[in-house]
2 protein chains.
Amino acid sequence: MKRTHTCGILTENSIDETVRLTGWVNSRRDLGGVIFIDIRDREGVTQLVINPENNAELDDACRPIREEWVISATGVVRPRPQDMINHNIKTGAIEVAVTELHVDNSCKPMPYHFNDSQVSEDLRLKYRYLEMRRTNLGHHLRLRHKISKVLRDYFDRQGFIEVETPILSKSTPEGARDYLVPSRVFPGKFFALPQAPQQYKQILMVGGVERYFQIARCFRDEDLRADRQPEFTQVDIEMSFVEQDDLFEIVEGLFVDVMRAVKDIEISTPFPRLTYKEAMSRFGSDKPDTRFEMHLCDLSGVLNGSEFKVFENALSAGGVVMAINARGTAEIASRKKLDAWTDTVKLMDAHGLVWVKIDEHNEIKSPAKKFLSESELNAIISAVNAQTGDVILIVADQFSVATQALGRLRLEIAHSQNLIPENQYNFLWVHDFPLFDHDSENDSYIPIHHPFTSPREDDIELLSTDPGSARAQAYDVVLNGVEVGGGSIRIHDAALQKRIFDLLNISDADAGALFGHLLEALSFGAPPHGGLALGFDRLVMLLTGASSIRDVIAFPKTTRSSCLLTDSPSCVDAAQLDELKIDIRPGTEM
Amino acid sequence: MKRTHTCGILTENSIDETVRLTGWVNSRRDLGGVIFIDIRDREGVTQLVINPENNAELDDACRPIREEWVISATGVVRPRPQDMINHNIKTGAIEVAVTELHVDNSCKPMPYHFNDSQVSEDLRLKYRYLEMRRTNLGHHLRLRHKISKVLRDYFDRQGFIEVETPILSKSTPEGARDYLVPSRVFPGKFFALPQAPQQYKQILMVGGVERYFQIARCFRDEDLRADRQPEFTQVDIEMSFVEQDDLFEIVEGLFVDVMRAVKDIEISTPFPRLTYKEAMSRFGSDKPDTRFEMHLCDLSGVLNGSEFKVFENALSAGGVVMAINARGTAEIASRKKLDAWTDTVKLMDAHGLVWVKIDEHNEIKSPAKKFLSESELNAIISAVNAQTGDVILIVADQFSVATQALGRLRLEIAHSQNLIPENQYNFLWVHDFPLFDHDSENDSYIPIHHPFTSPREDDIELLSTDPGSARAQAYDVVLNGVEVGGGSIRIHDAALQKRIFDLLNISDADAGALFGHLLEALSFGAPPHGGLALGFDRLVMLLTGASSIRDVIAFPKTTRSSCLLTDSPSCVDAAQLDELKIDIRPGTEM
């Protein structure tokens, strides 16, 4: 007899039906000769009741059964006694009186307790399959599937086609380090695993695909920060004949669908749009969390002419004086706390932190009080709208240092003061990023986004006069202070692309060797195009509430890029290396 | 002004509307001062009419435009003159009288003519993006997307979840050659790209996922036969708590959806099911094409005791005498043709071919006529139901040689005689494959499917007595004589798995090193499970009617596993190899 129901579905509607369930033994209790087994499958848990008395076969089958064995049970559905009803689960009002039981597989004793927070993550990675059965990892994987389904349905409806781009790809050492794959047919040559399908998707646009997407695997051989993976998944999008606004609209519609399907929340569009400059000025971050206020306030104007050295020096060096108002923190802003906040801004390269506290007696306290005129003090208080119990935190420095320091402090205070509402999802766009960073050491420019990013049309002239101040047609989409994606309008003109390579000190020879195929493609009727990539793992993490991207990936690697389940990477046969004509460097430890 | 319509949509319903089209110049004709441009995008072609007289701006914009330039045109829709209507395209009744024209990009002259069959495939691979725009490759990619969408919708509806398994995987040298990826963090160790997610999907079953699928990239570093790719895509399926029939049903439902969506054809289910033995006996193939008859016929019974040495020798050595009836081929079966057919069976290791022709005068001709009694001849003719104009083709040999030789000949004759109806889609299952092949040279067994395949339960005893005759719970799904997928019920019992490894001469140490993680997982409550993989590229090829899998892949590799578009594999910097602590073997040519 085959499985008739899952373990999560039977209710009082099935009383007296004969059913067959299969699954894992979630728990076993022996009470006065009667055995209670909770049987579990993907859908839920059902209580089996086994009375082995007068049934030798059942008795035999039952006896050895332990936690996590795989069993099949046939029986009759009956109501539970009133005092045994479990209102927390759908099947809580019934139980199945077992008439026949079959053991499909045994199971070794569990290697650890799943809810023991002391268990190392290494052990959990080794027994990944047990985690899937016993923790919420299984639920995360189902939600991940659901999100990818919603994405694909949306893109399909919008006329996008999913195109699979190669994994055996070309090494182009821009950005991160490539994973290499030795070629056997061309000894001494290598493929690389793609860091992103960037060039392929641009070539698809030249190929007239017009609307491309892919849920694509990407690879970076980096020393991993805590929450990165050597292989990760990105939602890759590219469109032809579009401008920035068209891409914004497509992505906004996508998130409307995702939030509706996953969270049953209607988010409103269009998303707020901040220029990079605005984001930095108001939030001290290019990925602002707008779920709480505490905006940055520029005091440079009202403090112009101040004789307080800290402010005077910053302003006369072309810097700024910026502040945030940490509302209601006067009580907790002890000397120790203020020192900690000062450490935070120093970590962000600021010289120091000036604080102004309005205590419960409405008295103004500040180490800078004696250096500031009363009108200056009042101007500061009025600018940030400070009241009794508030603490004003001021950084005087170069614009980027002052804003980033206060942006960091703003987040720190918001977290510690619980200012961030849960279950709120604030999406926004940051755009008009600078095109280049200037590397003063080598006096060279580095692309902020990547070298295929188009400058704003009204800034193209700046490429000749002041490349550092040219703005890019680049944008990020931000959710709750986390960058979930970014992209740009690309250069579709081969001559402009070459000009950018020149500014980046990429020689013609290098450009040809690395990007020749793209430059060639651009000269064969490339349409205007642009795109975006979303970090899929991170998005799933935010939507599941998981605390690490490892918790939303079926088989993640450790922070040392190894797999503890399969024990890879591993040694290989000498014959394999012979065929590839490569050698492990002598003296290399294995 | 933004694009208002695609180039494939305007009809007489839009007469007098002002529209904006963008796309590529498909063709340009100058007729008496008036310029006709067919503008093309992904959706179709629309005729633009430009009268530059009295419009200097339009004149300037127009003059340089050539084939495949990218343009945007604003104009008014108007009916074409009656004698200019093109009934072959949706937009054939209208044209757009252009008022404004903008060149978005120029295009170098085309490097070759797209419908020139003499153009080498190498050139077409280099200019892949032009092929996408100008040939039916673009259409194939859209259909590929559609098929993958139908697959995913189906699996989702059936409760499957798509799980992404790792690409940076473990080298397990069973089957084909692995692509290796050197680890930088663990110098001297390697990842391998997966040949299939086989072990991961079994572990997902142990993890309680129950219904898994993935459209998965797989890799094999093989010397490529004409129509293979080093990276390819398979539709990967695994289910728990199922038997063979459950999997058949799921896959049959999948093909119903696919054929309906792609071909608008209702196929009937269940598919015919043939055991391996039946398939070989009737069709001489484990992937029979049943779109035409010409079944194999076993003459061993009626020829038992024949004195004709050819038959006698085969039968006394435990072999068979098999025949097919090539109906109506007597006229074309010249000496030369019969020699060619004989060559075919010899290629398949048969000793020779005996033919019996019934010519138009009903006269029986055969080189074997003098060795056969009249009753034997009549028995042969009657067994294959031969009539005037037929040719009976007979092979006497061991069962596998005779059947495969005639199977090959059957296909060859069917193709040359045009016996195969077009637009017919015959699906079927072949099951009950042998578990092992016997390698007589090393007196060892080799798994026909893979070492995780379960034997039939009623054949488990044979593992001790006669492993070579044990049948596997393995099956292939066949479409029109092409194997489009295959799979098996897996071993879920660690002890049985170990027994199979023993029979395959895989030592405990090797099994532990290569498959230890899977054996360990099986001992932690593995449910009964099984699965299947479909060759996605091949399936798309069959459904698009493309003649090569390269024609349904956006960026395929050559038969030498190189990419002519990006020129990869390529040389890499010495610094990259330094970091990986590997060396290219001295003397290796690059």
# chains A, B, ... in the order shown; residues from 1 in each chain; ligands from 1
call {"tool": "interface_residues", "arguments": {"of": "chain A", "to": "chain B", "cutoff": "6 Å", "atoms": "only C-alpha atoms", "output": "ChimeraX atom specification"}}
result
/A:68-70,105-108,129-130,132-133,145,161-162,170,180-181,188-191,206-208,517,523-525,566,568-571,581-585,590
call {"tool": "residues_around", "arguments": {"residues": "Asp16 of chain B", "least_positions_apart": "3", "cutoff": "10 Å", "atoms": "only C-alpha atoms", "output": "ChimeraX atom specification"}}
result
/B:12-13,19,75-79,96-97
call {"tool": "write_last_selection", "arguments": {"atoms": "N, CA, C and O atoms", "output": "PDB file, in the first residue's frame"}}
result
ATOM      1  N   GLU B  12      -3.341  47.775 -39.349  1.00  0.00           N
ATOM      2  CA  GLU B  12      -4.235  48.857 -39.819  1.00  0.00           C
ATOM      3  C   GLU B  12      -5.007  49.502 -38.678  1.00  0.00           C
ATOM      4  O   GLU B  12      -5.536  50.593 -38.821  1.00  0.00           O
ATOM      5  N   ASN B  13      -5.085  48.824 -37.536  1.00  0.00           N
ATOM      6  CA  ASN B  13      -5.774  49.409 -36.376  1.00  0.00           C
ATOM      7  C   ASN B  13      -5.089  50.673 -35.876  1.00  0.00           C
ATOM      8  O   ASN B  13      -5.675  51.425 -35.102  1.00  0.00           O
ATOM      9  N   VAL B  19       3.916  57.028 -33.837  1.00  0.00           N
ATOM     10  CA  VAL B  19       4.588  55.950 -33.108  1.00  0.00           C
ATOM     11  C   VAL B  19       6.090  56.183 -33.100  1.00  0.00           C
ATOM     12  O   VAL B  19       6.623  56.964 -33.888  1.00  0.00           O
ATOM     13  N   GLY B  75       7.166  58.476 -36.392  1.00  0.00           N
ATOM     14  CA  GLY B  75       6.425  58.704 -37.616  1.00  0.00           C
ATOM     15  C   GLY B  75       4.963  58.370 -37.448  1.00  0.00           C
ATOM     16  O   GLY B  75       4.512  58.019 -36.356  1.00  0.00           O
ATOM     17  N   VAL B  76       4.251  58.467 -38.559  1.00  0.00           N
ATOM     18  CA  VAL B  76       2.805  58.246 -38.542  1.00  0.00           C
ATOM     19  C   VAL B  76       2.500  56.965 -39.319  1.00  0.00           C
ATOM     20  O   VAL B  76       3.022  56.751 -40.419  1.00  0.00           O
ATOM     21  N   VAL B  77       1.649  56.134 -38.726  1.00  0.00           N
ATOM     22  CA  VAL B  77       1.277  54.880 -39.379  1.00  0.00           C
ATOM     23  C   VAL B  77       0.304  55.189 -40.504  1.00  0.00           C
ATOM     24  O   VAL B  77      -0.644  55.945 -40.327  1.00  0.00           O
ATOM     25  N   ARG B  78       0.565  54.584 -41.681  1.00  0.00           N
ATOM     26  CA  ARG B  78      -0.371  54.769 -42.798  1.00  0.00           C
ATOM     27  C   ARG B  78      -0.471  53.455 -43.573  1.00  0.00           C
ATOM     28  O   ARG B  78       0.421  52.610 -43.497  1.00  0.00           O
ATOM     29  N   PRO B  79      -1.566  53.290 -44.287  1.00  0.00           N
ATOM     30  CA  PRO B  79      -1.702  52.038 -45.048  1.00  0.00           C
ATOM     31  C   PRO B  79      -0.713  52.004 -46.191  1.00  0.00           C
ATOM     32  O   PRO B  79      -0.361  53.049 -46.752  1.00  0.00           O
ATOM     33  N   VAL B  96       5.326  53.162 -41.861  1.00  0.00           N
ATOM     34  CA  VAL B  96       5.415  54.331 -40.987  1.00  0.00           C
ATOM     35  C   VAL B  96       6.124  55.449 -41.753  1.00  0.00           C
ATOM     36  O   VAL B  96       7.272  55.280 -42.187  1.00  0.00           O
ATOM     37  N   ALA B  97       5.425  56.544 -41.941  1.00  0.00           N
ATOM     38  CA  ALA B  97       6.013  57.708 -42.615  1.00  0.00           C
ATOM     39  C   ALA B  97       6.809  58.497 -41.585  1.00  0.00           C
ATOM     40  O   ALA B  97       6.253  59.102 -40.667  1.00  0.00           O
TER      41      ALA B  97
END
call {"tool": "atom_distance", "arguments": {"atom1": "atom CA of Trp341 of chain B", "atom2": "atom CA of Leu406 of chain B"}}
result
9.7 Å
call {"tool": "select_by_dssp", "arguments": {"residues": "segment 96-234 of chain A", "states": "alpha helix (DSSP H)", "output": "PyMOL selection string"}}
result
chain A and resi 121-126+128-134+137-157+198-206
call {"tool": "write_last_selection", "arguments": {"atoms": "N, CA and C atoms", "output": "short mmCIF file (atom, residue, chain, number, x, y, z; two decimals), in the first residue's frame"}}
result
data_model
loop_
_atom_site.label_atom_id
_atom_site.label_comp_id
_atom_site.auth_asym_id
_atom_site.auth_seq_id
_atom_site.Cartn_x
_atom_site.Cartn_y
_atom_site.Cartn_z
N GLU A 121 29.36 25.23 14.19
CA GLU A 121 28.79 25.25 12.86
C GLU A 121 29.46 24.20 11.98
N ASP A 122 30.72 23.89 12.26
CA ASP A 122 31.41 22.87 11.47
C ASP A 122 30.67 21.54 11.53
N LEU A 123 30.23 21.17 12.72
CA LEU A 123 29.51 19.90 12.87
C LEU A 123 28.19 19.97 12.10
N ARG A 124 27.55 21.11 12.17
CA ARG A 124 26.27 21.27 11.47
C ARG A 124 26.45 21.22 9.95
N LEU A 125 27.61 21.68 9.46
CA LEU A 125 27.87 21.64 8.03
C LEU A 125 28.16 20.21 7.57
N LYS A 126 28.82 19.45 8.46
CA LYS A 126 29.12 18.06 8.13
C LYS A 126 27.84 17.22 8.04
N ARG A 128 24.83 18.13 7.20
CA ARG A 128 23.89 19.07 6.58
C ARG A 128 22.51 18.45 6.40
N TYR A 129 22.46 17.15 6.05
CA TYR A 129 21.17 16.50 5.79
C TYR A 129 20.33 16.40 7.04
N LEU A 130 20.98 16.25 8.19
CA LEU A 130 20.21 16.20 9.44
C LEU A 130 19.67 17.59 9.78
N GLU A 131 20.48 18.61 9.51
CA GLU A 131 20.02 19.98 9.72
C GLU A 131 18.78 20.26 8.86
N MET A 132 18.81 19.75 7.62
CA MET A 132 17.66 19.97 6.73
C MET A 132 16.40 19.34 7.30
N ARG A 133 16.57 18.17 7.91
CA ARG A 133 15.39 17.48 8.45
C ARG A 133 14.93 18.09 9.76
N ARG A 134 15.88 18.55 10.59
CA ARG A 134 15.54 18.86 11.96
C ARG A 134 15.51 20.35 12.31
N LEU A 137 16.30 24.94 8.30
CA LEU A 137 16.98 24.98 7.01
C LEU A 137 16.07 24.48 5.89
N GLY A 138 15.34 23.39 6.16
CA GLY A 138 14.43 22.86 5.15
C GLY A 138 13.39 23.88 4.73
N HIS A 139 12.86 24.61 5.70
CA HIS A 139 11.89 25.66 5.41
C HIS A 139 12.51 26.77 4.57
N HIS A 140 13.75 27.14 4.91
CA HIS A 140 14.44 28.17 4.14
C HIS A 140 14.61 27.76 2.67
N LEU A 141 14.93 26.50 2.46
CA LEU A 141 15.14 26.04 1.09
C LEU A 141 13.83 26.09 0.30
N ARG A 142 12.72 25.80 0.97
CA ARG A 142 11.43 25.87 0.29
C ARG A 142 11.08 27.32 -0.04
N LEU A 143 11.39 28.22 0.87
CA LEU A 143 11.10 29.63 0.61
C LEU A 143 12.01 30.15 -0.51
N ARG A 144 13.25 29.68 -0.51
CA ARG A 144 14.17 30.08 -1.57
C ARG A 144 13.61 29.66 -2.94
N HIS A 145 13.11 28.43 -2.98
CA HIS A 145 12.48 27.97 -4.23
C HIS A 145 11.32 28.87 -4.61
N LYS A 146 10.51 29.21 -3.63
CA LYS A 146 9.31 30.02 -3.90
C LYS A 146 9.70 31.39 -4.45
N ILE A 147 10.71 31.99 -3.85
CA ILE A 147 11.15 33.31 -4.32
C ILE A 147 11.67 33.23 -5.75
N SER A 148 12.44 32.19 -6.03
CA SER A 148 12.97 32.07 -7.40
C SER A 148 11.82 31.84 -8.38
N LYS A 149 10.80 31.14 -7.94
CA LYS A 149 9.63 30.92 -8.81
C LYS A 149 8.91 32.24 -9.09
N VAL A 150 8.73 33.04 -8.06
CA VAL A 150 8.06 34.33 -8.24
C VAL A 150 8.87 35.21 -9.20
N LEU A 151 10.18 35.23 -9.02
CA LEU A 151 11.06 36.00 -9.90
C LEU A 151 10.87 35.56 -11.35
N ARG A 152 10.95 34.26 -11.55
CA ARG A 152 10.90 33.76 -12.94
C ARG A 152 9.53 34.03 -13.57
N ASP A 153 8.47 33.86 -12.79
CA ASP A 153 7.14 34.14 -13.33
C ASP A 153 7.05 35.61 -13.75
N TYR A 154 7.58 36.47 -12.90
CA TYR A 154 7.52 37.90 -13.20
C TYR A 154 8.28 38.24 -14.48
N PHE A 155 9.52 37.76 -14.55
CA PHE A 155 10.33 38.08 -15.72
C PHE A 155 9.70 37.53 -17.00
N ASP A 156 9.17 36.33 -16.90
CA ASP A 156 8.53 35.73 -18.07
C ASP A 156 7.36 36.60 -18.54
N ARG A 157 6.55 37.04 -17.59
CA ARG A 157 5.40 37.88 -17.91
C ARG A 157 5.84 39.19 -18.55
N GLN A 198 28.58 39.41 -16.82
CA GLN A 198 28.51 40.78 -17.32
C GLN A 198 28.73 40.88 -18.83
N GLN A 199 29.85 40.33 -19.32
CA GLN A 199 30.14 40.52 -20.74
C GLN A 199 29.19 39.70 -21.61
N TYR A 200 28.84 38.50 -21.13
CA TYR A 200 27.90 37.68 -21.91
C TYR A 200 26.56 38.39 -22.05
N LYS A 201 26.11 39.02 -20.98
CA LYS A 201 24.78 39.61 -21.10
C LYS A 201 24.80 40.83 -21.99
N GLN A 202 25.92 41.57 -21.99
CA GLN A 202 26.02 42.68 -22.93
C GLN A 202 26.03 42.16 -24.36
N ILE A 203 26.71 41.04 -24.57
CA ILE A 203 26.76 40.47 -25.92
C ILE A 203 25.37 39.96 -26.33
N LEU A 204 24.60 39.46 -25.36
CA LEU A 204 23.23 39.06 -25.68
C LEU A 204 22.40 40.26 -26.15
N MET A 205 22.68 41.43 -25.57
CA MET A 205 21.98 42.62 -26.03
C MET A 205 22.37 42.95 -27.47
N VAL A 206 23.67 42.85 -27.77
CA VAL A 206 24.10 43.05 -29.15
C VAL A 206 23.43 42.01 -30.05
#
call {"tool": "residues_around", "arguments": {"residues": "segment 325-335 of chain A", "least_positions_apart": "6", "cutoff": "7 Å", "atoms": "only C-alpha atoms", "output": "ChimeraX atom specification"}}
result
/A:294,357-359,384,386,389-393
call {"tool": "atom_distance", "arguments": {"atom1": "atom CA of His415 of chain B", "atom2": "atom CA of Ala340 of chain B"}}
result
14.4 Å
call {"tool": "residues_around", "arguments": {"residues": "Glu278 of chain B", "least_positions_apart": "2", "cutoff": "12 Å", "atoms": "only C-alpha atoms", "output": "short mmCIF file (atom, residue, chain, number, x, y, z; two decimals) with all heavy atoms, in the first residue's frame"}}
result
data_model
loop_
_atom_site.label_atom_id
_atom_site.label_comp_id
_atom_site.auth_asym_id
_atom_site.auth_seq_id
_atom_site.Cartn_x
_atom_site.Cartn_y
_atom_site.Cartn_z
N PRO B 272 4.24 3.72 -23.67
CA PRO B 272 4.57 2.29 -23.76
C PRO B 272 5.79 1.98 -22.90
O PRO B 272 6.69 2.81 -22.78
CB PRO B 272 4.88 2.09 -25.24
CG PRO B 272 4.23 3.22 -25.95
CD PRO B 272 4.23 4.38 -24.97
N ARG B 273 5.80 0.80 -22.30
CA ARG B 273 6.92 0.37 -21.45
C ARG B 273 7.48 -0.92 -21.98
O ARG B 273 6.78 -1.91 -22.08
CB ARG B 273 6.43 0.19 -20.01
CG ARG B 273 5.98 1.51 -19.44
CD ARG B 273 5.26 1.41 -18.13
NE ARG B 273 4.68 2.73 -17.86
CZ ARG B 273 4.24 3.12 -16.67
NH1 ARG B 273 4.29 2.28 -15.65
NH2 ARG B 273 3.73 4.33 -16.51
N LEU B 274 8.74 -0.89 -22.30
CA LEU B 274 9.41 -2.08 -22.82
C LEU B 274 10.52 -2.45 -21.86
O LEU B 274 11.26 -1.57 -21.42
CB LEU B 274 10.04 -1.78 -24.18
CG LEU B 274 9.11 -1.40 -25.33
CD1 LEU B 274 9.94 -0.96 -26.53
CD2 LEU B 274 8.25 -2.59 -25.70
N THR B 275 10.65 -3.73 -21.56
CA THR B 275 11.85 -4.12 -20.83
C THR B 275 13.03 -4.00 -21.80
O THR B 275 12.86 -3.99 -23.03
CB THR B 275 11.77 -5.57 -20.33
OG1 THR B 275 11.73 -6.43 -21.46
CG2 THR B 275 10.55 -5.79 -19.45
N TYR B 276 14.21 -3.91 -21.22
CA TYR B 276 15.42 -3.87 -22.03
C TYR B 276 15.45 -5.05 -22.99
O TYR B 276 15.75 -4.91 -24.18
CB TYR B 276 16.63 -3.90 -21.09
CG TYR B 276 17.95 -4.06 -21.78
CD1 TYR B 276 18.57 -2.98 -22.40
CD2 TYR B 276 18.59 -5.30 -21.80
CE1 TYR B 276 19.80 -3.14 -23.03
CE2 TYR B 276 19.81 -5.47 -22.43
CZ TYR B 276 20.41 -4.38 -23.04
OH TYR B 276 21.61 -4.54 -23.66
N MET B 280 15.45 -4.83 -27.07
CA MET B 280 16.51 -5.41 -27.89
C MET B 280 15.92 -6.43 -28.87
O MET B 280 16.31 -6.47 -30.04
CB MET B 280 17.57 -6.07 -27.01
CG MET B 280 18.35 -5.11 -26.11
SD MET B 280 19.08 -3.68 -26.96
CE MET B 280 20.26 -4.50 -28.02
N SER B 281 15.00 -7.27 -28.40
CA SER B 281 14.45 -8.34 -29.24
C SER B 281 13.62 -7.79 -30.38
O SER B 281 13.65 -8.32 -31.49
CB SER B 281 13.56 -9.27 -28.41
OG SER B 281 14.25 -9.78 -27.31
N ARG B 282 12.88 -6.73 -30.14
CA ARG B 282 11.96 -6.25 -31.17
C ARG B 282 12.55 -5.14 -32.03
O ARG B 282 12.15 -4.95 -33.18
CB ARG B 282 10.67 -5.74 -30.53
CG ARG B 282 9.79 -6.91 -30.07
CD ARG B 282 8.60 -6.43 -29.26
NE ARG B 282 7.79 -5.46 -30.00
CZ ARG B 282 6.87 -4.69 -29.42
NH1 ARG B 282 6.69 -4.77 -28.10
NH2 ARG B 282 6.16 -3.84 -30.13
N PHE B 283 13.48 -4.38 -31.44
CA PHE B 283 13.99 -3.21 -32.18
C PHE B 283 15.51 -3.20 -32.32
O PHE B 283 16.07 -2.33 -32.97
CB PHE B 283 13.53 -1.91 -31.51
CG PHE B 283 12.05 -1.78 -31.43
CD1 PHE B 283 11.35 -2.15 -30.30
CD2 PHE B 283 11.33 -1.31 -32.53
CE1 PHE B 283 9.97 -2.03 -30.23
CE2 PHE B 283 9.95 -1.19 -32.49
CZ PHE B 283 9.26 -1.56 -31.33
N GLY B 284 16.19 -4.15 -31.64
CA GLY B 284 17.64 -4.17 -31.73
C GLY B 284 18.27 -2.93 -31.16
O GLY B 284 19.33 -2.48 -31.60
N SER B 285 17.61 -2.30 -30.18
CA SER B 285 18.12 -1.05 -29.62
C SER B 285 17.52 -0.85 -28.25
O SER B 285 16.37 -1.24 -27.99
CB SER B 285 17.71 0.12 -30.53
OG SER B 285 17.94 1.35 -29.87
N ASP B 286 18.29 -0.24 -27.35
CA ASP B 286 17.71 0.11 -26.05
C ASP B 286 17.08 1.50 -26.09
O ASP B 286 16.67 2.02 -25.05
CB ASP B 286 18.76 -0.01 -24.93
CG ASP B 286 19.94 0.91 -25.14
OD1 ASP B 286 19.97 1.63 -26.15
OD2 ASP B 286 20.85 0.90 -24.29
N LYS B 287 17.03 2.09 -27.28
CA LYS B 287 16.28 3.34 -27.45
C LYS B 287 15.53 3.28 -28.78
O LYS B 287 15.85 4.00 -29.73
CB LYS B 287 17.21 4.55 -27.38
CG LYS B 287 18.56 4.42 -28.03
CD LYS B 287 19.32 5.71 -27.86
CE LYS B 287 20.53 5.73 -28.75
NZ LYS B 287 21.58 4.81 -28.25
N PRO B 288 14.52 2.42 -28.78
CA PRO B 288 13.85 2.13 -30.06
C PRO B 288 13.08 3.32 -30.62
O PRO B 288 12.45 4.07 -29.87
CB PRO B 288 12.87 1.00 -29.71
CG PRO B 288 12.90 0.82 -28.25
CD PRO B 288 13.96 1.67 -27.65
N HIS B 295 9.87 -4.63 -37.28
CA HIS B 295 10.33 -5.28 -36.05
C HIS B 295 11.32 -6.40 -36.35
O HIS B 295 11.25 -7.04 -37.40
CB HIS B 295 9.15 -5.88 -35.29
CG HIS B 295 8.23 -4.84 -34.76
ND1 HIS B 295 6.92 -5.11 -34.42
CD2 HIS B 295 8.42 -3.54 -34.49
CE1 HIS B 295 6.35 -4.00 -33.98
NE2 HIS B 295 7.25 -3.03 -34.03
N LEU B 296 12.19 -6.64 -35.39
CA LEU B 296 13.06 -7.80 -35.48
C LEU B 296 12.23 -9.06 -35.22
O LEU B 296 11.29 -9.04 -34.41
CB LEU B 296 14.18 -7.73 -34.44
CG LEU B 296 15.45 -6.97 -34.84
CD1 LEU B 296 15.13 -5.51 -35.14
CD2 LEU B 296 16.50 -7.07 -33.74
N CYS B 297 12.60 -10.13 -35.92
CA CYS B 297 11.86 -11.39 -35.77
C CYS B 297 12.86 -12.48 -35.45
O CYS B 297 13.89 -12.62 -36.12
CB CYS B 297 11.14 -11.66 -37.09
SG CYS B 297 10.23 -13.20 -37.09
N ASP B 298 12.58 -13.26 -34.42
CA ASP B 298 13.50 -14.32 -34.00
C ASP B 298 13.18 -15.60 -34.77
O ASP B 298 12.12 -16.18 -34.60
CB ASP B 298 13.37 -14.53 -32.49
CG ASP B 298 14.48 -15.44 -31.96
OD1 ASP B 298 15.15 -16.11 -32.79
OD2 ASP B 298 14.70 -15.44 -30.74
N THR B 403 21.04 -8.63 -32.58
CA THR B 403 19.98 -7.63 -32.41
C THR B 403 20.50 -6.23 -32.71
O THR B 403 19.85 -5.44 -33.40
CB THR B 403 19.40 -7.68 -30.99
OG1 THR B 403 20.47 -7.63 -30.05
CG2 THR B 403 18.58 -8.95 -30.78
N TRP B 429 9.15 4.12 -22.46
CA TRP B 429 10.09 3.78 -21.41
C TRP B 429 10.79 2.47 -21.75
O TRP B 429 10.15 1.54 -22.22
CB TRP B 429 9.37 3.57 -20.06
CG TRP B 429 8.81 4.83 -19.48
CD1 TRP B 429 7.50 5.23 -19.52
CD2 TRP B 429 9.53 5.83 -18.76
NE1 TRP B 429 7.36 6.43 -18.88
CE2 TRP B 429 8.59 6.83 -18.39
CE3 TRP B 429 10.85 5.99 -18.39
CZ2 TRP B 429 8.95 7.97 -17.68
CZ3 TRP B 429 11.22 7.12 -17.69
CH2 TRP B 429 10.28 8.10 -17.33
N VAL B 430 12.08 2.41 -21.47
CA VAL B 430 12.79 1.13 -21.45
C VAL B 430 13.23 0.93 -20.01
O VAL B 430 13.80 1.84 -19.39
CB VAL B 430 13.99 1.13 -22.41
CG1 VAL B 430 14.76 -0.18 -22.31
CG2 VAL B 430 13.53 1.38 -23.84
N HIS B 431 12.93 -0.25 -19.44
CA HIS B 431 13.28 -0.49 -18.04
C HIS B 431 13.86 -1.88 -17.87
O HIS B 431 14.08 -2.58 -18.87
CB HIS B 431 12.06 -0.25 -17.14
CG HIS B 431 10.93 -1.18 -17.40
ND1 HIS B 431 10.59 -2.21 -16.56
CD2 HIS B 431 10.05 -1.24 -18.44
CE1 HIS B 431 9.55 -2.85 -17.06
NE2 HIS B 431 9.21 -2.29 -18.20
N ASP B 432 14.13 -2.26 -16.65
CA ASP B 432 14.74 -3.57 -16.37
C ASP B 432 16.07 -3.75 -17.10
O ASP B 432 16.36 -4.82 -17.64
CB ASP B 432 13.78 -4.72 -16.74
CG ASP B 432 12.75 -4.97 -15.66
OD1 ASP B 432 12.80 -4.28 -14.61
OD2 ASP B 432 11.90 -5.84 -15.85
N PHE B 433 16.86 -2.71 -17.10
CA PHE B 433 18.22 -2.82 -17.64
C PHE B 433 19.02 -3.80 -16.77
O PHE B 433 18.73 -3.95 -15.59
CB PHE B 433 18.93 -1.46 -17.60
CG PHE B 433 18.57 -0.57 -18.74
CD1 PHE B 433 17.45 0.25 -18.66
CD2 PHE B 433 19.35 -0.54 -19.89
CE1 PHE B 433 17.11 1.09 -19.72
CE2 PHE B 433 19.01 0.30 -20.94
CZ PHE B 433 17.89 1.11 -20.87
#
